[in-house]
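Have a look at target-v8.cif below; it lists mmCIF, C-alpha atoms.
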```cif
data_structure
loop_
_atom_site.group_PDB
_atom_site.id
_atom_site.type_symbol
_atom_site.label_atom_id
_atom_site.label_comp_id
_atom_site.auth_asym_id
_atom_site.auth_seq_id
_atom_site.Cartn_x
_atom_site.Cartn_y
_atom_site.Cartn_z
ATOM 1 C CA MET G 653 97.515 65.272 91.633
ATOM 2 C CA ASN G 654 99.262 67.712 89.332
ATOM 3 C CA ARG G 655 101.843 70.201 90.526
ATOM 4 C CA ARG G 656 102.763 73.545 88.994
ATOM 5 C CA GLN G 657 106.046 75.435 89.171
ATOM 6 C CA THR G 658 105.446 79.078 90.067
ATOM 7 C CA ARG G 659 107.672 82.122 90.231
ATOM 8 C CA HIS G 660 106.609 83.356 93.665
ATOM 9 C CA PHE G 661 105.431 80.232 95.516
ATOM 10 C CA GLY G 662 107.684 77.439 94.261
ATOM 11 C CA LYS G 663 106.218 74.101 93.207
ATOM 12 C CA ILE G 664 102.614 73.846 94.383
ATOM 13 C CA TYR G 665 99.582 71.610 93.924
ATOM 14 C CA ALA G 666 97.324 72.290 90.935
ATOM 15 C CA PRO G 667 94.117 70.249 91.479
ATOM 16 C CA GLU G 668 92.066 69.262 88.438
ATOM 17 C CA THR G 669 88.681 68.898 90.156
ATOM 18 C CA VAL G 670 86.724 70.652 92.893
ATOM 19 C CA ASP G 671 86.916 67.448 94.956
ATOM 20 C CA GLU G 672 90.721 67.475 94.818
ATOM 21 C CA LEU G 673 90.745 71.173 95.654
ATOM 22 C CA LEU G 674 88.479 70.838 98.684
ATOM 23 C CA LYS G 675 90.550 67.935 99.975
ATOM 24 C CA LEU G 676 93.640 70.166 99.954
ATOM 25 C CA VAL G 677 91.723 72.866 101.805
ATOM 26 C CA LEU G 678 90.361 70.439 104.412
ATOM 27 C CA GLN G 679 93.647 68.611 104.902
ATOM 28 C CA PRO G 680 96.529 70.956 104.033
ATOM 29 C CA GLU G 681 99.946 69.377 103.658
ATOM 30 C CA HIS G 682 101.411 71.856 106.137
ATOM 31 C CA ARG G 683 99.806 71.530 109.547
ATOM 32 C CA GLY G 684 100.732 73.103 112.845
ATOM 33 C CA ARG G 685 99.370 72.540 116.339
ATOM 34 C CA ASP G 686 95.899 73.367 115.065
ATOM 35 C CA ASN G 687 94.459 73.479 111.566
ATOM 36 C CA VAL G 688 93.347 77.122 111.608
ATOM 37 C CA TRP G 689 94.291 79.250 108.631
ATOM 38 C CA MET G 690 93.719 82.740 107.292
ATOM 39 C CA TRP G 691 92.992 82.562 103.564
ATOM 40 C CA ARG G 692 93.549 84.892 100.632
ATOM 41 C CA GLY G 693 92.534 84.370 97.029
ATOM 42 C CA GLN G 694 94.402 86.052 94.171
ATOM 43 C CA ALA G 695 92.901 85.763 90.690
ATOM 44 C CA ASN G 696 96.292 85.784 88.969
ATOM 45 C CA ILE G 697 99.027 83.449 90.163
ATOM 46 C CA ALA G 698 101.648 85.804 88.698
ATOM 47 C CA TRP G 699 100.829 88.476 91.277
ATOM 48 C CA ARG G 700 103.096 88.957 94.278
ATOM 49 C CA VAL G 701 101.701 89.145 97.802
ATOM 50 C CA ASP G 702 101.867 92.912 98.219
ATOM 51 C CA SER G 703 99.585 95.313 100.031
ATOM 52 C CA SER G 704 97.698 97.842 97.942
ATOM 53 C CA ALA G 705 99.644 100.674 99.624
ATOM 54 C CA TYR G 706 102.944 99.095 98.572
ATOM 55 C CA ARG G 707 101.652 98.725 95.001
ATOM 56 C CA ARG G 708 100.460 102.337 94.960
ATOM 57 C CA LEU G 709 103.820 103.632 96.150
ATOM 58 C CA LYS G 710 105.553 101.581 93.454
ATOM 59 C CA LEU G 711 103.809 103.753 90.860
ATOM 60 C CA THR G 712 106.263 106.521 91.763
ATOM 61 C CA LYS G 713 109.070 104.741 93.621
ATOM 62 C CA ARG G 714 110.862 101.585 92.503
ATOM 63 C CA ASN G 715 111.438 100.006 95.933
ATOM 64 C CA PRO G 716 109.215 101.575 98.608
ATOM 65 C CA SER G 717 110.598 101.254 102.120
ATOM 66 C CA ASP G 718 108.747 100.808 105.378
ATOM 67 C CA ARG G 719 109.452 104.463 106.140
ATOM 68 C CA ASP G 720 107.708 105.398 102.886
ATOM 69 C CA LEU G 721 104.716 103.245 103.819
ATOM 70 C CA ILE G 722 104.458 104.762 107.298
ATOM 71 C CA SER G 723 104.605 108.315 105.970
ATOM 72 C CA TYR G 724 101.966 107.544 103.341
ATOM 73 C CA GLU G 725 99.510 105.892 105.768
ATOM 74 C CA LYS G 726 99.821 108.616 108.394
ATOM 75 C CA GLN G 727 98.907 111.200 105.759
ATOM 76 C CA LEU G 728 96.027 109.013 104.564
ATOM 77 C CA ILE G 729 94.601 108.742 108.090
ATOM 78 C CA LYS G 730 95.054 112.485 108.628
ATOM 79 C CA LYS G 731 93.150 113.284 105.414
ATOM 80 C CA ALA G 732 90.369 110.829 106.274
ATOM 81 C CA ARG G 733 89.891 112.324 109.736
ATOM 82 C CA TYR G 734 89.816 115.853 108.286
ATOM 83 C CA ARG G 735 86.941 114.825 105.995
ATOM 84 C CA GLY G 736 85.069 113.114 108.826
ATOM 85 C CA TYR G 737 85.493 109.568 107.532
ATOM 86 C CA ASP G 738 86.706 108.434 110.948
ATOM 87 C CA LEU G 739 83.279 108.543 112.579
ATOM 88 C CA LEU G 740 81.029 105.548 113.129
ATOM 89 C CA GLU G 741 77.600 106.405 114.549
ATOM 90 C CA GLY G 742 79.087 109.711 115.649
ATOM 91 C CA GLN G 743 82.014 108.159 117.510
ATOM 92 C CA PRO G 744 85.670 108.471 116.377
ATOM 93 C CA MET G 745 87.355 105.240 115.320
ATOM 94 C CA SER G 746 90.903 104.109 116.104
ATOM 95 C CA ASP G 747 93.610 104.583 113.474
ATOM 96 C CA PHE G 748 93.476 100.975 112.300
ATOM 97 C CA ASP G 749 89.672 100.955 112.270
ATOM 98 C CA VAL G 750 89.909 103.942 109.934
ATOM 99 C CA LEU G 751 92.365 102.039 107.726
ATOM 100 C CA ALA G 752 89.993 99.056 107.637
ATOM 101 C CA ARG G 753 87.114 101.240 106.551
ATOM 102 C CA LEU G 754 89.208 102.946 103.872
ATOM 103 C CA GLN G 755 90.536 99.604 102.626
ATOM 104 C CA HIS G 756 87.062 98.163 102.108
ATOM 105 C CA HIS G 757 86.024 101.224 100.151
ATOM 106 C CA GLY G 758 88.973 100.941 97.768
ATOM 107 C CA ALA G 759 91.731 103.017 99.360
ATOM 108 C CA ALA G 760 95.275 101.631 99.325
ATOM 109 C CA THR G 761 96.594 100.658 102.788
ATOM 110 C CA ARG G 762 99.135 98.246 104.250
ATOM 111 C CA LEU G 763 96.291 95.911 105.261
ATOM 112 C CA LEU G 764 96.227 92.750 103.151
ATOM 113 C CA ASP G 765 92.693 91.429 102.718
ATOM 114 C CA ALA G 766 92.240 87.886 103.981
ATOM 115 C CA THR G 767 89.336 85.845 105.319
ATOM 116 C CA ARG G 768 88.671 83.261 107.989
ATOM 117 C CA ASN G 769 86.552 81.335 105.460
ATOM 118 C CA ALA G 770 88.477 79.284 102.876
ATOM 119 C CA LEU G 771 85.482 79.220 100.512
ATOM 120 C CA ILE G 772 85.463 83.011 100.343
ATOM 121 C CA GLY G 773 89.182 82.910 99.578
ATOM 122 C CA LEU G 774 88.382 80.497 96.744
ATOM 123 C CA TYR G 775 85.828 82.929 95.352
ATOM 124 C CA PHE G 776 88.382 85.716 95.063
ATOM 125 C CA ALA G 777 90.926 83.312 93.543
ATOM 126 C CA SER G 778 88.424 82.405 90.820
ATOM 127 C CA GLU G 779 86.178 85.395 90.103
ATOM 128 C CA ALA G 780 88.376 87.271 87.610
ATOM 129 C CA HIS G 781 91.047 86.733 84.959
ATOM 130 C CA GLU G 782 89.297 83.616 83.696
ATOM 131 C CA ASP G 783 92.100 82.922 81.197
ATOM 132 C CA LYS G 784 94.807 82.845 83.891
ATOM 133 C CA ALA G 785 95.484 80.598 86.861
ATOM 134 C CA GLY G 786 94.659 81.978 90.284
ATOM 135 C CA VAL G 787 96.068 80.987 93.656
ATOM 136 C CA LEU G 788 94.547 80.266 97.070
ATOM 137 C CA LEU G 789 96.927 81.175 99.882
ATOM 138 C CA GLY G 790 96.618 79.921 103.447
ATOM 139 C CA PHE G 791 98.520 81.459 106.381
ATOM 140 C CA HIS G 792 98.728 79.273 109.471
ATOM 141 C CA CYS G 793 97.604 80.989 112.671
ATOM 142 C CA TRP G 794 100.576 79.676 114.671
ATOM 143 C CA HIS G 795 102.917 81.668 112.452
ATOM 144 C CA LEU G 796 101.072 84.983 112.812
ATOM 145 C CA GLY G 797 100.988 87.588 115.533
ATOM 146 C CA GLY G 798 97.572 88.702 116.779
ATOM 147 C CA TYR G 799 94.245 86.949 117.232
ATOM 148 C CA GLU G 800 90.653 86.700 116.127
ATOM 149 C CA ASP G 801 87.983 88.721 117.956
ATOM 150 C CA ASN G 802 90.468 91.342 119.170
ATOM 151 C CA GLY G 803 90.212 95.015 118.322
ATOM 152 C CA GLU G 804 93.161 97.319 117.721
ATOM 153 C CA PRO G 805 92.535 100.450 119.808
ATOM 154 C CA ARG G 806 96.185 101.564 119.904
ATOM 155 C CA GLY G 807 97.507 104.485 117.923
ATOM 156 C CA TYR G 808 99.172 103.966 114.555
ATOM 157 C CA ASP G 809 102.735 104.622 115.743
ATOM 158 C CA GLU G 810 102.464 102.105 118.582
ATOM 159 C CA VAL G 811 101.145 99.352 116.314
ATOM 160 C CA VAL G 812 103.742 99.884 113.594
ATOM 161 C CA ALA G 813 106.625 100.098 116.092
ATOM 162 C CA GLU G 814 105.745 96.580 117.279
ATOM 163 C CA LEU G 815 106.326 95.134 113.796
ATOM 164 C CA GLY G 816 110.065 95.795 113.945
ATOM 165 C CA ASP G 817 112.203 93.264 112.106
ATOM 166 C CA GLN G 818 109.870 90.316 112.659
ATOM 167 C CA GLN G 819 109.629 88.111 109.576
ATOM 168 C CA TYR G 820 106.038 87.038 110.153
ATOM 169 C CA SER G 821 102.863 89.046 109.662
ATOM 170 C CA TRP G 822 100.358 90.169 112.243
ATOM 171 C CA THR G 823 96.660 89.491 111.848
ATOM 172 C CA TRP G 824 93.728 91.512 113.062
ATOM 173 C CA GLN G 825 89.973 91.084 112.838
ATOM 174 C CA PRO G 826 88.329 94.438 112.133
ATOM 175 C CA PRO G 827 85.021 95.453 113.698
ATOM 176 C CA ASP G 828 81.987 95.210 111.438
ATOM 177 C CA VAL G 829 82.216 98.815 110.267
ATOM 178 C CA SER G 830 80.598 97.778 106.964
ATOM 179 C CA LYS G 831 78.279 94.968 105.879
ATOM 180 C CA ARG G 832 80.892 93.554 103.514
ATOM 181 C CA ILE G 833 83.463 93.164 106.304
ATOM 182 C CA ALA G 834 81.013 90.909 108.138
ATOM 183 C CA ALA G 835 79.896 89.052 105.005
ATOM 184 C CA GLN G 836 83.466 88.335 103.911
ATOM 185 C CA HIS G 837 84.614 87.103 107.356
ATOM 186 C CA SER G 838 87.365 89.672 107.004
ATOM 187 C CA GLN G 839 90.741 89.280 108.647
ATOM 188 C CA PHE G 840 93.663 91.536 107.805
ATOM 189 C CA LEU G 841 97.351 90.668 107.560
ATOM 190 C CA TYR G 842 100.072 93.286 107.825
ATOM 191 C CA SER G 843 103.817 93.531 108.381
ATOM 192 C CA SER G 844 106.716 95.865 107.811
ATOM 193 C CA VAL G 845 107.994 95.843 104.225
ATOM 194 C CA LYS G 846 109.880 92.610 103.468
ATOM 195 C CA THR G 847 111.956 91.318 100.571
ATOM 196 C CA GLN G 848 110.823 87.707 100.165
ATOM 197 C CA ALA G 849 110.239 85.487 97.148
ATOM 198 C CA HIS G 850 106.447 85.780 97.377
ATOM 199 C CA GLY G 851 106.296 89.546 97.951
ATOM 200 C CA SER G 852 106.584 92.352 100.506
ATOM 201 C CA VAL G 853 104.144 91.055 103.162
ATOM 202 C CA GLY G 854 106.030 88.984 105.726
ATOM 203 C CA VAL G 855 105.782 85.204 105.976
ATOM 204 C CA ASP G 856 107.671 83.150 108.567
ATOM 205 C CA ASP G 857 110.605 81.188 107.129
ATOM 206 C CA ASP G 858 109.111 77.972 108.542
ATOM 207 C CA SER G 859 107.796 75.866 105.632
ATOM 208 C CA ASN G 860 104.595 75.169 107.597
ATOM 209 C CA SER G 861 103.600 78.836 107.738
ATOM 210 C CA MET G 862 101.981 79.178 104.324
ATOM 211 C CA VAL G 863 100.269 76.953 101.766
ATOM 212 C CA ALA G 864 99.578 77.880 98.132
ATOM 213 C CA ILE G 865 97.173 76.038 95.808
ATOM 214 C CA ALA G 866 96.912 76.810 92.083
ATOM 215 C CA ILE G 867 93.427 77.334 90.653
ATOM 216 C CA GLU G 868 93.818 76.596 86.942
ATOM 217 C CA PRO G 869 91.597 78.457 84.405
ATOM 218 C CA ASP G 870 89.566 75.312 83.642
ATOM 219 C CA LEU G 871 88.791 74.928 87.346
ATOM 220 C CA LYS G 872 87.701 78.514 88.008
ATOM 221 C CA HIS G 873 84.258 78.155 86.419
ATOM 222 C CA GLN G 874 83.599 74.909 88.313
ATOM 223 C CA VAL G 875 84.609 76.553 91.590
ATOM 224 C CA LEU G 876 82.323 79.546 91.062
ATOM 225 C CA SER G 877 79.379 77.283 90.201
ATOM 226 C CA VAL G 878 79.822 75.184 93.349
ATOM 227 C CA LEU G 879 80.298 78.255 95.552
ATOM 228 C CA SER G 880 77.128 79.864 94.186
ATOM 229 C CA ASP G 881 74.843 76.845 93.913
ATOM 230 C CA THR G 882 75.845 75.028 97.108
ATOM 231 C CA PHE G 883 77.189 77.679 99.484
ATOM 232 C CA ASP G 884 75.474 80.869 98.229
ATOM 233 C CA ILE G 885 78.863 82.569 97.941
ATOM 234 C CA ARG G 886 78.619 85.069 95.081
ATOM 235 C CA TYR G 887 79.016 88.786 94.456
ATOM 236 C CA PRO G 888 75.635 89.959 95.901
ATOM 237 C CA THR G 889 76.148 88.025 99.153
ATOM 238 C CA LEU G 890 79.784 89.100 99.607
ATOM 239 C CA PHE G 891 79.069 92.776 98.858
ATOM 240 C CA PRO G 892 75.693 93.328 100.611
ATOM 241 C CA ASP G 893 75.771 97.115 100.560
ATOM 242 C CA LEU G 894 74.597 99.899 98.250
ATOM 243 C CA GLU G 895 77.836 99.896 96.257
ATOM 244 C CA GLY G 896 77.683 96.130 95.803
ATOM 245 C CA PHE G 897 74.009 96.250 94.831
ATOM 246 C CA CYS G 898 74.685 98.869 92.188
ATOM 247 C CA GLN G 899 77.682 97.005 90.796
ATOM 248 C CA SER G 900 75.756 93.735 90.546
ATOM 249 C CA ASN G 901 73.054 95.632 88.628
ATOM 250 C CA SER G 902 75.454 97.545 86.384
ATOM 251 C CA VAL G 903 76.190 97.178 82.687
ATOM 252 C CA ARG G 904 78.947 94.698 83.574
ATOM 253 C CA TYR G 905 76.394 91.915 84.092
ATOM 254 C CA SER G 906 73.270 90.737 82.308
ATOM 255 C CA GLU G 907 69.924 91.130 84.067
ATOM 256 C CA TYR G 908 69.874 87.456 85.110
ATOM 257 C CA HIS G 909 73.587 86.945 85.745
ATOM 258 C CA PHE G 910 73.213 86.403 89.499
ATOM 259 C CA HIS G 911 69.888 84.527 89.421
ATOM 260 C CA ARG G 912 70.305 80.990 90.701
ATOM 261 C CA TRP G 913 66.949 79.664 89.426
#
```
Once you've parsed the file, please lay out its structure as structure tokens.
Amino acid sequence: MNRRQTRHFGKIYAPETVDELLKLVLQPEHRGRDNVWMWRGQANIAWRVDSSAYRRLKLTKRNPSDRDLISYEKQLIKKARYRGYDLLEGQPMSDFDVLARLQHHGAATRLLDATRNALIGLYFASEAHEDKAGVLLGFHCWHLGGYEDNGEPRGYDEVVAELGDQQYSWTWQPPDVSKRIAAQHSQFLYSSVKTQAHGSVGVDDDSNSMVAIAIEPDLKHQVLSVLSDTFDIRYPTLFPDLEGFCQSNSVRYSEYHFHRW
């Protein structure tokens, strides 16, 4: 199997076929006590692993600090609550539930989108930038703080204070505050701001903590076809809300683009 030298992830596998790719996903080279991973797909392998809040702050500040990120997110939450975006069925949401809702509607937060479903990660690694290689990232659960199926009712300050100087990220499964969160098997990763080769979101120094697989341009189309035809993983099923419906019926796509037969 081919390997590819990358700037942010070192030398990684670059499968040539979907069969080779799925084998790497099913049997990752780095295994811990269990084989449970959180997955993230990035459509351009040249991108760092940075949260959208970090990238937004970099528009005006060269090296945003964790203090900058905290100040920014607290203001974001305050503004959202003032406008009433913190209510779900009339009930106020916790600070991190608010961040989750904002994140899935396009706001920039420290939450890094990931998924418990590797195939969904593959979709996001393949669905854009068709002329560039993408990357599928896997984060092993034994090198993350937090769990599946646990809410985060604590206040923002208490959660962020716990991050401290820990190298690894924390993970959190948001409640199904939107249809797309449920459809995408969403799981968030977050950490204090780090300076690591791959980016600003923390990864444990242990070599078993993360796996990266290159998705070459020639493979992207094959991946999307298999995901759609065999697993029904495509834009309309991953974004099953009004916004997703309108986007899938916008001028970006032909009338029959998402028809499978």
Apply the PyMOL selection byres ((chain G and resi 822-837) around 6) to the file shown and report the selected residues as a list in words.
-> Thr767, Arg768, Leu796, Gly797, Gly798, Glu800, Asp801, Ser821, Ser838, Gln839, Phe840, Leu841, Tyr842, Leu890, Phe891 and Pro892 of chain G
Quick one: residues within 12 Å of G:Val701, all atoms listed in the file, excluding same-chain residues fewer than 2 positions away - as an mmCIF file with C-alpha atoms, in the coordinates of the input?
```cif
data_model
loop_
_atom_site.group_PDB
_atom_site.id
_atom_site.type_symbol
_atom_site.label_atom_id
_atom_site.label_comp_id
_atom_site.auth_asym_id
_atom_site.auth_seq_id
_atom_site.Cartn_x
_atom_site.Cartn_y
_atom_site.Cartn_z
ATOM 1 C CA ARG G 659 107.672 82.122 90.231
ATOM 2 C CA HIS G 660 106.609 83.356 93.665
ATOM 3 C CA PHE G 661 105.431 80.232 95.516
ATOM 4 C CA ARG G 692 93.549 84.892 100.632
ATOM 5 C CA GLY G 693 92.534 84.370 97.029
ATOM 6 C CA GLN G 694 94.402 86.052 94.171
ATOM 7 C CA ALA G 695 92.901 85.763 90.690
ATOM 8 C CA ASN G 696 96.292 85.784 88.969
ATOM 9 C CA ILE G 697 99.027 83.449 90.163
ATOM 10 C CA ALA G 698 101.648 85.804 88.698
ATOM 11 C CA TRP G 699 100.829 88.476 91.277
ATOM 12 C CA SER G 703 99.585 95.313 100.031
ATOM 13 C CA SER G 704 97.698 97.842 97.942
ATOM 14 C CA ALA G 705 99.644 100.674 99.624
ATOM 15 C CA TYR G 706 102.944 99.095 98.572
ATOM 16 C CA ARG G 707 101.652 98.725 95.001
ATOM 17 C CA ARG G 762 99.135 98.246 104.250
ATOM 18 C CA LEU G 763 96.291 95.911 105.261
ATOM 19 C CA LEU G 764 96.227 92.750 103.151
ATOM 20 C CA ASP G 765 92.693 91.429 102.718
ATOM 21 C CA ALA G 766 92.240 87.886 103.981
ATOM 22 C CA VAL G 787 96.068 80.987 93.656
ATOM 23 C CA LEU G 788 94.547 80.266 97.070
ATOM 24 C CA LEU G 789 96.927 81.175 99.882
ATOM 25 C CA GLY G 790 96.618 79.921 103.447
ATOM 26 C CA PHE G 791 98.520 81.459 106.381
ATOM 27 C CA SER G 821 102.863 89.046 109.662
ATOM 28 C CA LEU G 841 97.351 90.668 107.560
ATOM 29 C CA TYR G 842 100.072 93.286 107.825
ATOM 30 C CA SER G 843 103.817 93.531 108.381
ATOM 31 C CA VAL G 845 107.994 95.843 104.225
ATOM 32 C CA LYS G 846 109.880 92.610 103.468
ATOM 33 C CA THR G 847 111.956 91.318 100.571
ATOM 34 C CA GLN G 848 110.823 87.707 100.165
ATOM 35 C CA ALA G 849 110.239 85.487 97.148
ATOM 36 C CA HIS G 850 106.447 85.780 97.377
ATOM 37 C CA GLY G 851 106.296 89.546 97.951
ATOM 38 C CA SER G 852 106.584 92.352 100.506
ATOM 39 C CA VAL G 853 104.144 91.055 103.162
ATOM 40 C CA GLY G 854 106.030 88.984 105.726
ATOM 41 C CA VAL G 855 105.782 85.204 105.976
ATOM 42 C CA MET G 862 101.981 79.178 104.324
ATOM 43 C CA ALA G 864 99.578 77.880 98.132
#
```
From the set G:Asn687, G:Ser877, G:Gln819, G:Ser723, which residue has the shortest atom-to-atom contact distance to G:Val670, counting only C-alpha atoms?
-> G:Ser877
Considering only C-alpha atoms, return as a PyMOL selection string whatever protein or nucleic-acid residues lie within 7 Å of G:Ser778, sequence-local ones (same chain, fewer than 3 positions apart) excluded.
-> chain G and resi 695+774-775+786+872+876
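Candidate residues G:Leu740, G:Leu894, G:Met690, G:Ala813 were compared for distance to G:Val677, and the nearest is G:Met690, using all atoms listed in the file.
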Carefully work through the PyMOL selection byres ((chain G and resi 910) around 9) for this structure and note down the residues it includes, as an MDAnalysis selection string.
-> chainID G and resid 880 886:888 900 905:909 911:912
Target residues per the PyMOL selection byres ((chain G and resi 758-760) around 7), formatted as a ChimeraX atom specification | /G:704-705,708,754-757,761
Quick one, how far is atom CA of G:Gln743 from atom CA of G:Gly807?
-> 15.9 Å
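Going from atom CA of G:Tyr808 over to atom CA of G:Leu751, you cover 9.8 Å.
Going from atom CA of G:Arg753 to atom CA of G:Ala732 covers 10.1 Å.
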Measuring atom to atom with only C-alpha atoms, identify which of G:Thr658, G:Ile664, G:Ser844, G:Val811 is nearest to G:Leu721.
->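 So, comparing all the options, the nearest one is G:Ser844.
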Would you please work out which residue, of G:Glu741, G:Asp857, G:Asp884, G:Asp749, is nearest to G:Tyr820 when using all atoms listed in the file?
->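 For G:Tyr820, the nearest of the candidates is G:Asp857.
With only C-alpha atoms as the atoms that count, the residue of G:Ala666, G:Ala866, G:Val688, G:Val878 with the shortest distance to G:Ala777 is G:Ala866.
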Contacts of G:Asp870 at 10 Å (only C-alpha atoms; same-chain gap of 2+ positions) as an NGL selection string = :G and (668-669 or 782-785 or 867-868 or 872-875)
Reconstructed N, CA, C and O atoms for stretch 716-733 of chain G, given as a compact mmCIF listing (two decimals), in the frame of the given file:
```txt
# COMPACT_ATOMS: atom_id res chain seq x y z
N PRO G 716 109.69 100.86 97.41
CA PRO G 716 109.22 101.58 98.61
C PRO G 716 109.74 100.92 99.89
O PRO G 716 109.79 99.70 100.00
N SER G 717 110.12 101.74 100.83
CA SER G 717 110.60 101.25 102.12
C SER G 717 109.48 101.30 103.15
O SER G 717 108.41 101.87 102.90
N ASP G 718 109.75 100.74 104.31
CA ASP G 718 108.75 100.81 105.38
C ASP G 718 108.53 102.25 105.82
O ASP G 718 107.41 102.64 106.16
N ARG G 719 109.59 103.04 105.80
CA ARG G 719 109.45 104.46 106.14
C ARG G 719 108.50 105.16 105.17
O ARG G 719 107.67 105.98 105.58
N ASP G 720 108.62 104.83 103.89
CA ASP G 720 107.71 105.40 102.89
C ASP G 720 106.25 105.01 103.19
O ASP G 720 105.35 105.83 103.08
N LEU G 721 106.06 103.74 103.55
CA LEU G 721 104.72 103.24 103.82
C LEU G 721 104.11 103.93 105.04
O LEU G 721 102.93 104.31 105.05
N ILE G 722 104.92 104.11 106.08
CA ILE G 722 104.46 104.76 107.30
C ILE G 722 104.05 106.21 107.01
O ILE G 722 102.98 106.68 107.44
N SER G 723 104.90 106.93 106.29
CA SER G 723 104.60 108.32 105.97
C SER G 723 103.32 108.42 105.16
O SER G 723 102.47 109.29 105.43
N TYR G 724 103.16 107.54 104.19
CA TYR G 724 101.97 107.54 103.34
C TYR G 724 100.70 107.28 104.16
O TYR G 724 99.69 107.99 104.02
N GLU G 725 100.72 106.25 105.02
CA GLU G 725 99.51 105.89 105.77
C GLU G 725 99.14 106.95 106.80
O GLU G 725 97.95 107.21 107.02
N LYS G 726 100.13 107.57 107.42
CA LYS G 726 99.82 108.62 108.39
C LYS G 726 99.14 109.81 107.71
O LYS G 726 98.19 110.39 108.26
N GLN G 727 99.56 110.13 106.51
CA GLN G 727 98.91 111.20 105.76
C GLN G 727 97.50 110.79 105.34
O GLN G 727 96.57 111.60 105.36
N LEU G 728 97.34 109.51 104.97
CA LEU G 728 96.03 109.01 104.56
C LEU G 728 95.04 109.10 105.72
O LEU G 728 93.89 109.55 105.55
N ILE G 729 95.46 108.68 106.91
CA ILE G 729 94.60 108.74 108.09
C ILE G 729 94.26 110.19 108.42
O ILE G 729 93.12 110.53 108.75
N LYS G 730 95.26 111.07 108.33
CA LYS G 730 95.05 112.48 108.63
C LYS G 730 94.01 113.08 107.69
O LYS G 730 93.09 113.80 108.12
N LYS G 731 94.11 112.77 106.39
CA LYS G 731 93.15 113.28 105.41
C LYS G 731 91.75 112.73 105.67
O LYS G 731 90.75 113.45 105.55
N ALA G 732 91.67 111.45 106.02
CA ALA G 732 90.37 110.83 106.27
C ALA G 732 89.70 111.45 107.49
O ALA G 732 88.49 111.70 107.49
N ARG G 733 90.47 111.70 108.54
CA ARG G 733 89.89 112.32 109.74
C ARG G 733 89.43 113.76 109.43
O ARG G 733 88.38 114.20 109.93
```
